[in-house]
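Novice: Next comes start-v8.cif, mmCIF, C-alpha atoms:
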data_final
#
loop_
_atom_site.label_atom_id
_atom_site.label_comp_id
_atom_site.auth_asym_id
_atom_site.auth_seq_id
_atom_site.Cartn_x
_atom_site.Cartn_y
_atom_site.Cartn_z
CA MET A 2 49.86 74.01 -189.65
CA ALA A 3 46.57 75.66 -188.75
CA SER A 4 44.74 77.26 -191.67
CA ALA A 5 43.67 80.89 -191.97
CA ASP A 6 40.09 79.83 -191.16
CA ASP A 7 41.27 78.13 -187.96
CA LEU A 8 43.09 81.29 -186.85
CA ARG A 9 40.46 83.84 -187.81
CA ASP A 10 38.93 83.96 -184.33
CA LEU A 11 42.26 83.83 -182.52
CA ASP A 12 44.87 86.42 -181.68
CA LEU A 13 48.17 86.44 -179.82
CA GLU A 14 46.35 86.83 -176.51
CA ASP A 15 45.26 83.20 -176.88
CA SER A 16 48.88 82.13 -176.37
CA PRO A 17 50.69 82.23 -173.01
CA PHE A 18 52.48 85.53 -172.34
CA SER A 19 55.87 83.85 -172.82
CA ASP A 20 54.82 82.72 -176.33
CA PHE A 21 55.34 86.29 -177.48
CA LEU A 22 55.03 85.62 -181.21
CA GLY A 23 52.25 83.05 -180.93
CA PHE A 24 54.08 79.90 -182.06
CA GLU A 25 51.28 77.76 -180.67
CA LEU A 26 49.06 79.18 -183.41
CA LEU A 27 51.09 77.08 -185.85
CA LEU A 28 49.35 74.00 -184.44
CA GLU A 29 46.05 72.47 -185.43
CA PRO A 30 43.18 73.07 -182.97
CA GLU A 31 43.31 69.53 -181.58
CA ASP A 32 47.04 69.86 -181.01
CA ARG A 33 46.56 73.16 -179.19
CA ASP A 34 44.00 71.38 -177.03
CA LEU A 35 46.57 68.70 -176.21
CA LEU A 36 49.12 71.35 -175.30
CA SER A 37 46.57 73.02 -173.03
CA ARG A 38 45.88 69.73 -171.25
CA VAL A 39 49.60 69.15 -170.74
CA ARG A 40 49.96 72.71 -169.41
CA ALA A 41 47.07 72.25 -167.00
CA PHE A 42 48.42 68.95 -165.68
CA MET A 43 51.93 70.27 -165.19
CA THR A 44 50.68 73.44 -163.48
CA ARG A 45 48.10 71.79 -161.22
CA GLU A 46 49.68 68.43 -160.45
CA VAL A 47 53.45 68.78 -160.88
CA GLU A 48 54.43 72.32 -159.90
CA PRO A 49 52.97 72.20 -156.36
CA VAL A 50 54.94 69.08 -155.39
CA ILE A 51 58.07 69.03 -157.50
CA ASN A 52 60.34 71.08 -155.24
CA ASP A 53 59.87 68.54 -152.45
CA TYR A 54 60.83 65.66 -154.75
CA TRP A 55 63.76 67.67 -156.10
CA THR A 56 65.04 68.24 -152.56
CA ARG A 57 64.77 64.54 -151.70
CA ALA A 58 66.11 63.41 -155.10
CA GLU A 59 63.13 61.10 -155.51
CA PHE A 60 60.80 60.43 -158.42
CA PRO A 61 57.02 61.09 -158.15
CA HIS A 62 55.78 57.71 -159.34
CA GLU A 63 52.21 58.58 -158.38
CA LEU A 64 52.16 61.18 -161.20
CA VAL A 65 52.87 58.62 -163.93
CA PRO A 66 49.23 57.52 -164.44
CA GLY A 67 48.24 61.15 -165.00
CA ILE A 68 51.05 61.63 -167.50
CA ALA A 69 50.00 58.41 -169.23
CA ASP A 70 46.44 59.71 -169.56
CA LEU A 71 47.76 62.68 -171.54
CA GLY A 72 48.82 60.29 -174.32
CA ILE A 73 52.17 61.95 -175.01
CA ALA A 74 54.59 59.01 -174.85
CA GLY A 75 56.19 58.50 -178.27
CA LEU A 76 54.17 61.48 -179.47
CA ALA A 77 56.00 61.99 -182.77
CA TYR A 78 56.14 58.33 -183.81
CA ASP A 79 53.76 56.50 -186.11
CA GLY A 80 54.56 53.04 -184.74
CA PRO A 81 52.01 50.62 -183.27
CA GLY A 82 49.97 52.29 -180.55
CA CYS A 83 51.87 55.59 -180.88
CA PRO A 84 50.06 58.95 -181.07
CA ASP A 85 51.67 60.03 -184.39
CA ARG A 86 51.19 63.77 -183.80
CA GLY A 87 54.40 64.90 -185.50
CA ALA A 88 57.67 66.51 -184.48
CA LEU A 89 56.37 70.08 -184.03
CA VAL A 90 53.65 69.00 -181.60
CA ASN A 91 56.10 66.72 -179.83
CA GLY A 92 58.59 69.56 -179.48
CA MET A 93 56.08 72.01 -178.09
CA VAL A 94 54.92 69.42 -175.57
CA ALA A 95 58.54 68.82 -174.56
CA MET A 96 58.91 72.57 -174.07
CA GLU A 97 55.73 72.61 -171.98
CA LEU A 98 57.05 69.85 -169.72
CA GLY A 99 60.38 71.62 -169.29
CA ARG A 100 58.60 74.92 -168.59
CA VAL A 101 57.35 73.50 -165.28
CA ASP A 102 59.98 70.89 -164.50
CA PRO A 103 63.00 69.87 -166.60
CA SER A 104 63.24 66.58 -164.68
CA ILE A 105 59.79 65.42 -165.80
CA GLY A 106 60.70 66.60 -169.28
CA THR A 107 63.86 64.49 -169.15
CA PHE A 108 61.97 61.46 -167.82
CA MET A 109 59.64 61.65 -170.82
CA GLY A 110 62.51 62.36 -173.20
CA VAL A 111 64.25 59.18 -172.10
CA HIS A 112 61.14 57.01 -172.12
CA GLY A 113 59.15 58.41 -175.04
CA GLY A 114 62.11 59.67 -177.04
CA LEU A 115 65.24 57.59 -176.61
CA ALA A 116 63.81 54.22 -175.55
CA MET A 117 60.70 54.23 -177.72
CA GLY A 118 62.64 55.88 -180.54
CA SER A 119 65.25 53.11 -180.51
CA ILE A 120 62.57 50.46 -180.84
CA HIS A 121 60.57 52.43 -183.40
CA LEU A 122 63.54 53.24 -185.63
CA CYS A 123 65.70 50.16 -185.09
CA GLY A 124 63.31 47.37 -184.14
CA SER A 125 61.64 44.83 -186.39
CA ASP A 126 57.91 44.99 -187.05
CA GLU A 127 57.40 42.24 -184.47
CA GLN A 128 59.48 44.06 -181.85
CA ARG A 129 57.59 47.29 -182.43
CA GLU A 130 54.30 45.45 -181.96
CA ARG A 131 55.66 43.73 -178.86
CA TRP A 132 56.80 46.78 -176.95
CA LEU A 133 55.59 50.10 -178.35
CA PRO A 134 51.85 49.94 -177.51
CA ALA A 135 52.53 49.18 -173.83
CA MET A 136 55.22 51.86 -173.74
CA ALA A 137 52.84 54.39 -175.31
CA ARG A 138 50.33 53.57 -172.54
CA MET A 139 53.25 53.84 -170.08
CA GLU A 140 52.54 50.37 -168.75
CA LEU A 141 56.19 49.66 -169.55
CA ILE A 142 58.79 52.35 -168.80
CA GLY A 143 61.96 52.47 -170.87
CA ALA A 144 65.56 53.59 -170.43
CA PHE A 145 68.44 54.08 -172.85
CA GLY A 146 71.95 52.83 -172.11
CA LEU A 147 74.64 54.37 -174.32
CA THR A 148 77.01 56.54 -172.23
CA GLU A 149 79.77 54.72 -170.33
CA PRO A 150 81.87 55.64 -167.27
CA ASP A 151 85.00 56.31 -169.32
CA VAL A 152 83.52 57.69 -172.53
CA GLY A 153 80.83 60.24 -173.35
CA SER A 154 81.43 62.50 -176.34
CA ALA A 155 83.64 59.90 -178.06
CA ILE A 156 81.12 57.10 -177.66
CA SER A 157 80.85 56.44 -181.41
CA GLN A 158 84.46 55.27 -181.47
CA GLY A 159 85.10 54.39 -177.86
CA LEU A 160 82.08 52.29 -176.87
CA ALA A 161 83.51 49.45 -174.80
CA THR A 162 80.48 47.39 -173.75
CA SER A 163 80.74 44.13 -175.66
CA ALA A 164 78.23 41.69 -177.16
CA ARG A 165 79.12 38.12 -178.06
CA ARG A 166 76.78 35.79 -179.95
CA ASP A 167 76.25 32.43 -178.25
CA GLY A 168 73.68 30.35 -180.10
CA ASP A 169 70.29 32.00 -179.80
CA GLU A 170 71.57 34.40 -177.14
CA TRP A 171 73.91 37.36 -176.80
CA VAL A 172 76.25 37.78 -173.86
CA LEU A 173 76.74 41.41 -172.78
CA ASN A 174 79.62 42.67 -170.64
CA GLY A 175 80.50 46.23 -169.70
CA ALA A 176 79.27 49.28 -167.83
CA LYS A 177 76.99 52.25 -168.46
CA LYS A 178 76.62 55.57 -166.64
CA TRP A 179 74.09 58.40 -166.44
CA ILE A 180 71.23 56.14 -167.52
CA GLY A 181 68.00 57.98 -166.74
CA ASN A 182 64.98 55.97 -165.51
CA ALA A 183 67.17 52.89 -165.16
CA THR A 184 66.53 52.31 -161.46
CA PHE A 185 62.85 51.52 -162.10
CA ALA A 186 62.59 50.89 -165.85
CA ASP A 187 60.88 47.81 -167.21
CA LEU A 188 63.30 47.61 -170.11
CA VAL A 189 66.63 49.20 -170.99
CA VAL A 190 68.00 49.58 -174.51
CA ILE A 191 71.68 48.69 -174.20
CA TRP A 192 74.11 49.58 -176.98
CA ALA A 193 77.10 47.27 -177.26
CA ARG A 194 79.86 46.47 -179.74
CA ASP A 195 79.64 43.10 -181.47
CA GLU A 196 82.90 41.22 -180.83
CA ASP A 197 82.59 39.50 -184.19
CA ASP A 198 82.21 42.42 -186.63
CA GLY A 199 83.04 45.40 -184.38
CA GLN A 200 79.71 47.11 -185.12
CA VAL A 201 77.44 48.70 -182.51
CA LYS A 202 74.16 46.91 -181.97
CA GLY A 203 71.14 47.49 -179.73
CA PHE A 204 69.61 45.08 -177.22
CA VAL A 205 66.44 45.35 -175.15
CA VAL A 206 67.22 44.07 -171.66
CA GLU A 207 64.07 43.45 -169.67
CA LYS A 208 63.61 43.84 -165.93
CA GLY A 209 64.67 40.76 -163.98
CA THR A 210 67.30 39.64 -166.50
CA ASP A 211 70.28 37.99 -164.79
CA GLY A 212 73.65 39.69 -165.08
CA ILE A 213 72.53 43.33 -165.00
CA GLU A 214 72.82 45.47 -161.87
CA PHE A 215 71.76 49.07 -161.27
CA THR A 216 73.27 51.53 -158.79
CA LYS A 217 71.52 54.86 -158.31
CA GLN A 218 73.79 57.85 -158.79
CA GLU A 219 73.67 60.11 -155.75
CA ASP A 220 74.57 63.71 -154.90
CA LYS A 221 73.60 65.30 -158.21
CA ILE A 222 73.14 69.07 -158.25
CA ALA A 223 70.91 69.01 -161.34
CA LEU A 224 67.81 67.09 -162.47
CA ARG A 225 67.62 65.56 -159.02
CA VAL A 226 64.19 64.06 -159.71
CA VAL A 227 65.59 62.00 -162.60
CA GLN A 228 66.76 58.62 -161.36
CA ASN A 229 70.13 58.09 -163.08
CA ALA A 230 71.97 54.84 -162.60
CA GLU A 231 75.28 53.19 -163.27
CA ILE A 232 74.77 49.81 -164.89
CA ALA A 233 77.05 46.80 -164.56
CA LEU A 234 76.65 44.05 -167.18
CA THR A 235 78.31 40.76 -166.25
CA ASP A 236 77.66 37.89 -168.65
CA CYS A 237 74.17 39.26 -169.13
CA ARG A 238 72.32 36.95 -171.52
CA VAL A 239 69.80 38.46 -173.91
CA PRO A 240 67.86 36.42 -176.49
CA GLU A 241 68.39 37.11 -180.19
CA ALA A 242 64.68 38.03 -180.23
CA ASN A 243 65.60 41.09 -178.11
CA ARG A 244 68.35 42.33 -180.41
CA LEU A 245 67.07 45.34 -182.34
CA GLN A 246 66.95 43.86 -185.81
CA ARG A 247 67.50 47.09 -187.73
CA ALA A 248 70.47 48.35 -185.69
CA GLU A 249 73.62 47.25 -187.49
CA SER A 250 76.07 50.09 -186.76
CA PHE A 251 76.47 53.32 -184.80
CA HIS A 252 74.90 55.10 -187.77
CA ASP A 253 71.58 53.56 -186.69
CA THR A 254 72.14 54.79 -183.14
CA SER A 255 72.80 58.25 -184.56
CA ASN A 256 69.42 58.19 -186.30
CA VAL A 257 67.81 57.96 -182.86
CA LEU A 258 70.04 60.69 -181.41
CA ARG A 259 69.29 63.08 -184.27
CA VAL A 260 65.60 63.01 -183.38
CA THR A 261 66.03 63.14 -179.61
CA ARG A 262 68.61 65.94 -179.83
CA MET A 263 65.75 68.08 -181.09
CA ASP A 264 63.76 67.05 -178.01
CA VAL A 265 66.58 68.39 -175.83
CA ALA A 266 66.63 71.66 -177.75
CA TRP A 267 62.93 72.02 -176.97
CA GLN A 268 63.51 71.06 -173.33
CA ALA A 269 66.14 73.79 -173.08
CA ALA A 270 63.70 76.33 -174.48
CA GLY A 271 61.17 75.15 -171.91
CA CYS A 272 63.64 75.46 -169.04
CA ALA A 273 64.48 79.02 -170.11
CA ARG A 274 60.80 79.81 -170.55
CA GLY A 275 59.91 78.57 -167.07
CA ALA A 276 62.66 80.63 -165.45
CA PHE A 277 61.57 83.72 -167.39
CA GLU A 278 57.92 83.29 -166.40
CA HIS A 279 58.73 82.95 -162.70
CA ALA A 280 61.07 85.94 -162.88
CA LEU A 281 58.44 88.10 -164.58
CA ARG A 282 55.80 87.22 -162.00
CA TYR A 283 58.25 87.95 -159.22
CA THR A 284 59.11 91.41 -160.54
CA LYS A 285 55.44 92.37 -160.63
CA ALA A 286 54.94 91.35 -157.01
CA ARG A 287 58.25 92.47 -155.50
CA GLU A 288 58.47 96.09 -154.33
CA GLN A 289 61.55 98.12 -153.54
CA PHE A 290 61.85 101.87 -152.92
CA GLY A 291 58.07 102.05 -152.81
CA ARG A 292 57.35 100.59 -156.24
CA SER A 293 57.24 97.33 -158.19
CA ILE A 294 60.67 96.37 -159.49
CA ALA A 295 58.99 95.50 -162.82
CA GLY A 296 59.08 99.23 -163.49
CA PHE A 297 62.86 99.51 -163.10
CA GLN A 298 64.77 100.02 -166.34
CA LEU A 299 67.54 97.53 -165.55
CA VAL A 300 65.01 94.86 -164.58
CA GLN A 301 63.03 95.39 -167.80
CA ASP A 302 66.28 95.13 -169.75
CA LEU A 303 66.94 91.66 -168.30
CA LEU A 304 63.33 90.55 -168.79
CA VAL A 305 63.37 91.53 -172.46
CA LYS A 306 66.71 89.77 -172.98
CA MET A 307 65.22 86.62 -171.45
CA LEU A 308 62.13 86.82 -173.64
CA SER A 309 64.30 87.38 -176.70
CA ASN A 310 66.30 84.23 -175.96
CA VAL A 311 63.18 82.14 -175.40
CA THR A 312 61.56 83.45 -178.58
CA ALA A 313 64.65 82.93 -180.75
CA SER A 314 65.15 79.37 -179.51
CA THR A 315 61.49 78.53 -180.07
CA ALA A 316 61.62 79.92 -183.60
CA MET A 317 64.72 77.92 -184.51
CA ASN A 318 63.35 74.74 -182.99
CA ALA A 319 59.97 75.14 -184.64
CA ARG A 320 61.52 75.46 -188.09
CA ALA A 321 63.77 72.44 -187.54
CA SER A 322 60.78 70.40 -186.34
CA GLN A 323 58.93 71.35 -189.51
CA LEU A 324 61.92 70.02 -191.46
CA GLN A 325 61.78 66.86 -189.36
CA ASP A 326 58.10 66.39 -190.17
CA ALA A 327 58.99 66.78 -193.85
CA GLY A 328 61.79 64.20 -193.58
CA LEU A 329 64.46 66.84 -194.20
CA LEU A 330 66.11 67.13 -190.79
CA LYS A 331 69.89 66.57 -190.81
CA ASP A 332 72.36 66.05 -187.99
CA GLU A 333 73.66 69.59 -188.31
CA HIS A 334 70.15 71.05 -188.03
CA ALA A 335 69.49 69.28 -184.74
CA SER A 336 72.97 70.12 -183.47
CA LEU A 337 72.55 73.83 -184.23
CA CYS A 338 69.24 73.87 -182.36
CA LYS A 339 70.62 71.99 -179.37
CA MET A 340 73.73 74.13 -179.16
CA HIS A 341 71.88 77.44 -179.53
CA SER A 342 68.98 76.59 -177.23
CA THR A 343 71.16 75.33 -174.39
CA VAL A 344 73.57 78.26 -174.52
CA ARG A 345 70.68 80.74 -174.50
CA MET A 346 68.97 78.71 -171.74
CA ARG A 347 72.02 78.94 -169.50
CA GLU A 348 72.14 82.68 -170.08
CA THR A 349 68.43 83.11 -169.43
CA VAL A 350 68.23 81.19 -166.16
CA GLY A 351 71.20 83.20 -164.91
CA TRP A 352 69.40 86.46 -165.65
CA ALA A 353 66.25 85.13 -163.96
CA ARG A 354 68.23 84.33 -160.84
CA GLU A 355 69.77 87.84 -161.02
CA VAL A 356 66.34 89.48 -161.16
CA LEU A 357 65.30 87.65 -157.98
CA GLY A 358 68.41 88.71 -156.08
CA GLY A 359 69.00 86.61 -152.96
CA ASN A 360 65.56 85.00 -153.33
CA GLY A 361 66.81 83.43 -156.55
CA ILE A 362 68.53 80.65 -154.63
CA LEU A 363 65.39 79.63 -152.70
CA LEU A 364 63.41 76.73 -154.12
CA GLU A 365 60.13 78.35 -153.11
CA HIS A 366 60.55 80.72 -156.05
CA HIS A 367 61.44 77.84 -158.43
CA VAL A 368 64.09 79.75 -160.37
CA GLY A 369 66.96 78.16 -158.43
CA ARG A 370 65.78 74.73 -159.59
CA PHE A 371 65.85 75.87 -163.22
CA VAL A 372 69.35 77.30 -162.74
CA ALA A 373 70.62 73.96 -161.41
CA ASP A 374 68.74 71.77 -163.90
CA ALA A 375 70.02 73.81 -166.83
CA GLU A 376 73.53 72.55 -166.14
CA ALA A 377 72.55 68.97 -166.99
CA ILE A 378 70.57 69.91 -170.10
CA TYR A 379 73.55 71.97 -171.28
CA SER A 380 75.72 68.83 -171.39
CA TYR A 381 73.64 65.78 -172.27
CA GLU A 382 72.78 64.66 -175.82
CA GLY A 383 75.98 66.27 -177.08
CA THR A 384 77.96 69.07 -175.47
CA ARG A 385 78.12 72.54 -177.00
CA GLU A 386 81.58 71.76 -178.35
CA ILE A 387 80.55 68.51 -180.04
CA ASN A 388 77.45 70.04 -181.60
CA THR A 389 79.48 73.03 -182.75
CA MET A 390 81.87 70.75 -184.61
CA ILE A 391 78.99 68.87 -186.24
CA VAL A 392 77.64 72.15 -187.59
CA GLY A 393 81.14 73.39 -188.43
CA ARG A 394 81.81 70.27 -190.48
CA ALA A 395 78.57 70.80 -192.40
CA ILE A 396 79.26 74.42 -193.32
CA THR A 397 83.00 74.11 -194.09
CA GLY A 398 83.32 70.58 -195.41
CA GLU A 399 86.23 70.10 -192.98
CA SER A 400 86.07 67.83 -189.94
CA ALA A 401 87.56 69.23 -186.72
CA PHE A 402 87.03 65.99 -184.83
CA VAL A 403 90.20 64.34 -183.51
#
Once you've parsed the file, please lay out its structure as C-alpha cells.

Specialist:
Amino acid sequence: MASADDLRDLDLEDSPFSDFLGFELLLEPEDRDLLSRVRAFMTREVEPVINDYWTRAEFPHELVPGIADLGIAGLAYDGPGCPDRGALVNGMVAMELGRVDPSIGTFMGVHGGLAMGSIHLCGSDEQRERWLPAMARMELIGAFGLTEPDVGSAISQGLATSARRDGDEWVLNGAKKWIGNATFADLVVIWARDEDDGQVKGFVVEKGTDGIEFTKQEDKIALRVVQNAEIALTDCRVPEANRLQRAESFHDTSNVLRVTRMDVAWQAAGCARGAFEHALRYTKAREQFGRSIAGFQLVQDLLVKMLSNVTASTAMNARASQLQDAGLLKDEHASLCKMHSTVRMRETVGWAREVLGGNGILLEHHVGRFVADAEAIYSYEGTREINTMIVGRAITGESAFV
C-alpha cells in the first residue's frame, strides 16, 4: 500500500472518474504506472479494433506482442520469470483489461491465471523453470482444460477424462469443453482422473502431441473474441515429465481455482465499469427535448446505481486481494467476491443498455458488447448458485451440496 508521503501530492482527481473512491491510490507509484500503461494500451490499441474482431469471432493475434511488452502475464506469481507484483495489482490490472474488453481480459485470465497458475502452484521446480519464463514473456501461450461436455459445476466428483500410467508415459482419454485459447495454445493443462488411485492429476500437453484434437466452438453470443474449443483426447500420450508433480488430488486443482476466481471477480467489476463509463459519456453527448439527458433525474438515478455497484464490487475485491497477498484468502472469500461482482455486473450492464435506449444494442457504442460478454463471466469459474453454497457452507457449517 502506498504511504502517506506517496499520496501527499495526489487527490482523487488523479484516479479515473469511475474509480470514485480512489482505489488506485492503494497501489505503490510503480504499480500505478503499470496500471496507466495497461490503460493506455487498451484504450489506444484494443478499443478501436475490438468490435470488428467481436463481430467476426476472431482473435487479434497481432496485439499479443504489445500485451507481452506490458509484462502482466502471471502478474501475481513469484515463480521463475514472473513479475511478482501481488494479488491487488493483478486484480486491478484484470479490471482494467475487462473495462475495455472482457474477451482480452479472459484471454489473459486463462493464460496468465489458470495455465500459469497451475504450473506455478502444482508444478515441480524444474517444470516451473521449464515453462513459466517463456509464458511470462508470452512466447508460449497456455490453456486450461478442466470442464467437460457432460459436467461443469460437479466437476470435482464427475470428472470423466482418464489417465493411465504406462511406463514413463501417461495415456489420456476423454473430452473437454469451453477451453479458452485452446485453438492456438502452445500448451494445455489437462486435468484427468488417475485410473489407478481415482485422484485428479494435471498434465501439460504440448502443441503437436498425437492424440489430441481441437474443434473451435462456434455461434457464441458472448466473449466472441475468445477462442473456445472442444478437445478430444484419444490415447494421447504424455511423458511423466509433463505430469504436474505437485497435483495429487482435486484439492490441488481447487487451489488454482481459488486464486483465479478472484481474477474473475475483478473482470466482472471491469466489465461493469466499462459499461458504466460508456453510458456516462453517452448521456453527456445525447440530447433530447433540447437538453443533455445527463441532466434528467431518472438517468442520473441509473448512473449513480451503476457507479455504486462498480464501487462496491471494487471495494470487496480489493479487500479480498489484500487477504490473498497476506496468505489469508479462503475459498469462501473468493466465492463471495465472484458471486457479488458478477450479479452486480449483470445488473449494471443492463442499466447501461437502458440508458442508451435503442442505441444500446449497437456495437458502435460498445455497451451491447459488455451486455453480451457479461453473460459468460456470470457463469464461468463457478456459477452464482455454486459460489453461494460455498459461502453458505462457511457461515452455517452445513453443506447444501447434493

Novice: Fewer than 3 positions away in the same chain doesn't count, so skip those; otherwise give me all residues within 8 Å of region 274-280 of chain A, counting only C-alpha atoms, as a ChimeraX atom specification.

Specialist: /A:19,99-101,270-271,283-284,304,307-308,311,349-350,353-354,356-357,366-368,371-372

Novice: Return as a list in words the set of residues that the PyMOL selection byres ((chain A and resi 316-319) around 7) yields on the displayed structure.

Specialist: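 Evaluating the PyMOL selection byres ((chain A and resi 316-319) around 7) on these coordinates yields Leu89, Ala266, Trp267, Thr312, Ala313, Ser314, Thr315, Arg320, Ala321, Ser322, Gln323 and Cys338 of chain A.
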
Novice: What does the structure give for the distance between CA of Ile191 (chain A) and CA of Val206 (chain A), in Å to one decimal?

Specialist: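 Separation of CA of Ile191 (chain A) and CA of Val206 (chain A): 6.9 Å.
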
Novice: Considering only C-alpha atoms, can you say which of A:Gly369, A:Gly328, A:Ser309, A:Val172 comes closest to Phe21 (chain A)?

Specialist: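 Among A:Gly369, A:Gly328, A:Ser309, A:Val172, it is A:Ser309 that comes nearest to Phe21 (chain A).
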
Novice: Hey, what comes out of the PyMOL selection byres ((chain A and resi 204) around 9) on this file? Could you write it as a list in words?

Specialist: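 Selected by the PyMOL selection byres ((chain A and resi 204) around 9) in this file: Trp171, Val189, Val190, Ile191, Trp192, Ala193, Lys202, Gly203, Val205, Val206, Val239, Pro240, Glu241, Asn243, Arg244 and Leu245 of chain A.
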
Novice: One number please: CA of Ile391 (chain A) to CA of Gly146 (chain A), in Å, one decimal.

Specialist: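 Result for CA of Ile391 (chain A) versus CA of Gly146 (chain A): 22.5 Å, one decimal.
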
Novice: Do you know which residues the PyMOL selection byres ((chain A and resi 144) around 7) returns on this file, as a short mmCIF file (atom, residue, chain, number, x, y, z; two decimals) with C-alpha atoms, keeping the file's coordinate frame?

Specialist:
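part-v5.cif was written with the following content:
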data_model
loop_
_atom_site.label_atom_id
_atom_site.label_comp_id
_atom_site.auth_asym_id
_atom_site.auth_seq_id
_atom_site.Cartn_x
_atom_site.Cartn_y
_atom_site.Cartn_z
CA VAL A 111 64.25 59.18 -172.10
CA HIS A 112 61.14 57.01 -172.12
CA ALA A 116 63.81 54.22 -175.55
CA GLY A 143 61.96 52.47 -170.87
CA PHE A 145 68.44 54.08 -172.85
CA GLY A 146 71.95 52.83 -172.11
CA ILE A 180 71.23 56.14 -167.52
CA GLY A 181 68.00 57.98 -166.74
CA ASN A 182 64.98 55.97 -165.51
CA ALA A 183 67.17 52.89 -165.16
CA ALA A 186 62.59 50.89 -165.85
CA LEU A 188 63.30 47.61 -170.11
CA VAL A 189 66.63 49.20 -170.99
CA VAL A 190 68.00 49.58 -174.51
#

Novice: Using all atoms listed in the file, which of the listed residues (A:Glu127, A:Glu382, A:Glu214, A:Glu140) sits closest to Val65 (chain A)?

Specialist: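 That would be A:Glu140, the residue with the smallest distance to Val65 (chain A).
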
Novice: Taking 4 positions as the minimum chain separation for residues in the same chain, which residues sit within 8 Å of Ile73 (chain A) when counting all atoms listed in the file? Answer as a ChimeraX atom specification.

Specialist: /A:68-69,84,91,94,113,137

Novice: Using all atoms listed in the file for the distances, tell me which of A:Asp151, A:Glu219, A:Asp374, A:Asp197 is nearest to Ala58 (chain A).

Specialist: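 For Ala58 (chain A), the nearest of the candidates is A:Glu219.
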
Novice: Calculated over only C-alpha atoms, which of the candidates A:Arg238, A:Ile222, A:Gly124, A:Ala401 has the smallest distance to Gly168 (chain A)?

Specialist: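 Result for the nearest residue to Gly168 (chain A): A:Arg238.
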
Novice: Would you work out the distance separating CA of Gln218 (chain A) from CA of Ala230 (chain A), expressed in Å to one decimal?

Specialist: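 It comes out at 5.2 Å.
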
Novice: For Leu71 (chain A), which residue out of A:Met139, A:Ser104, A:Ala233, A:Glu130 is the nearest one, using all atoms listed in the file?

Specialist: A:Met139

Novice: Pick out the residues sitting within 7 Å of Ala95 (chain A), and hand them over as a PyMOL selection string; count all atoms listed in the file, and ignore anything fewer than 6 positions along from it in its own chain.

Specialist: chain A and resi 106+264+267-268

Novice: Find the spatial neighbours of Gly159 (chain A), counting all atoms listed in the file, within a cut-off of 12 Å - ignore same-chain residues fewer than 5 positions away - and output them as a list in words.

Specialist: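 Skipping anything fewer than 5 positions along the chain leaves Leu147, Thr148, Glu149, Pro150, Asp151, Val152, Gly153, Ser154, Ala193, Arg194, Gly199, Gln200, Val201 and Phe251 of chain A.
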
Novice: Pick out the residues sitting within 12 Å of Lys221 (chain A), and hand them over as a list in words; count only C-alpha atoms, and ignore anything fewer than 4 positions along from it in its own chain.

Specialist: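 Answer for this query is Trp55, Thr56, Arg57, Ala58, Glu59, Trp179, Lys217, Arg225, Val226, Val227, Gln228, Asn229, Ala230, Ala373, Asp374, Glu376 and Ala377 of chain A.
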
Novice: With distances taken over all atoms listed in the file, which of A:Ile156, A:Asp85, A:Glu288, A:Tyr379 is nearest to Pro103 (chain A)?

Specialist: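 Of A:Ile156, A:Asp85, A:Glu288, A:Tyr379, the one nearest Pro103 (chain A), counting all atoms listed in the file, is A:Tyr379.
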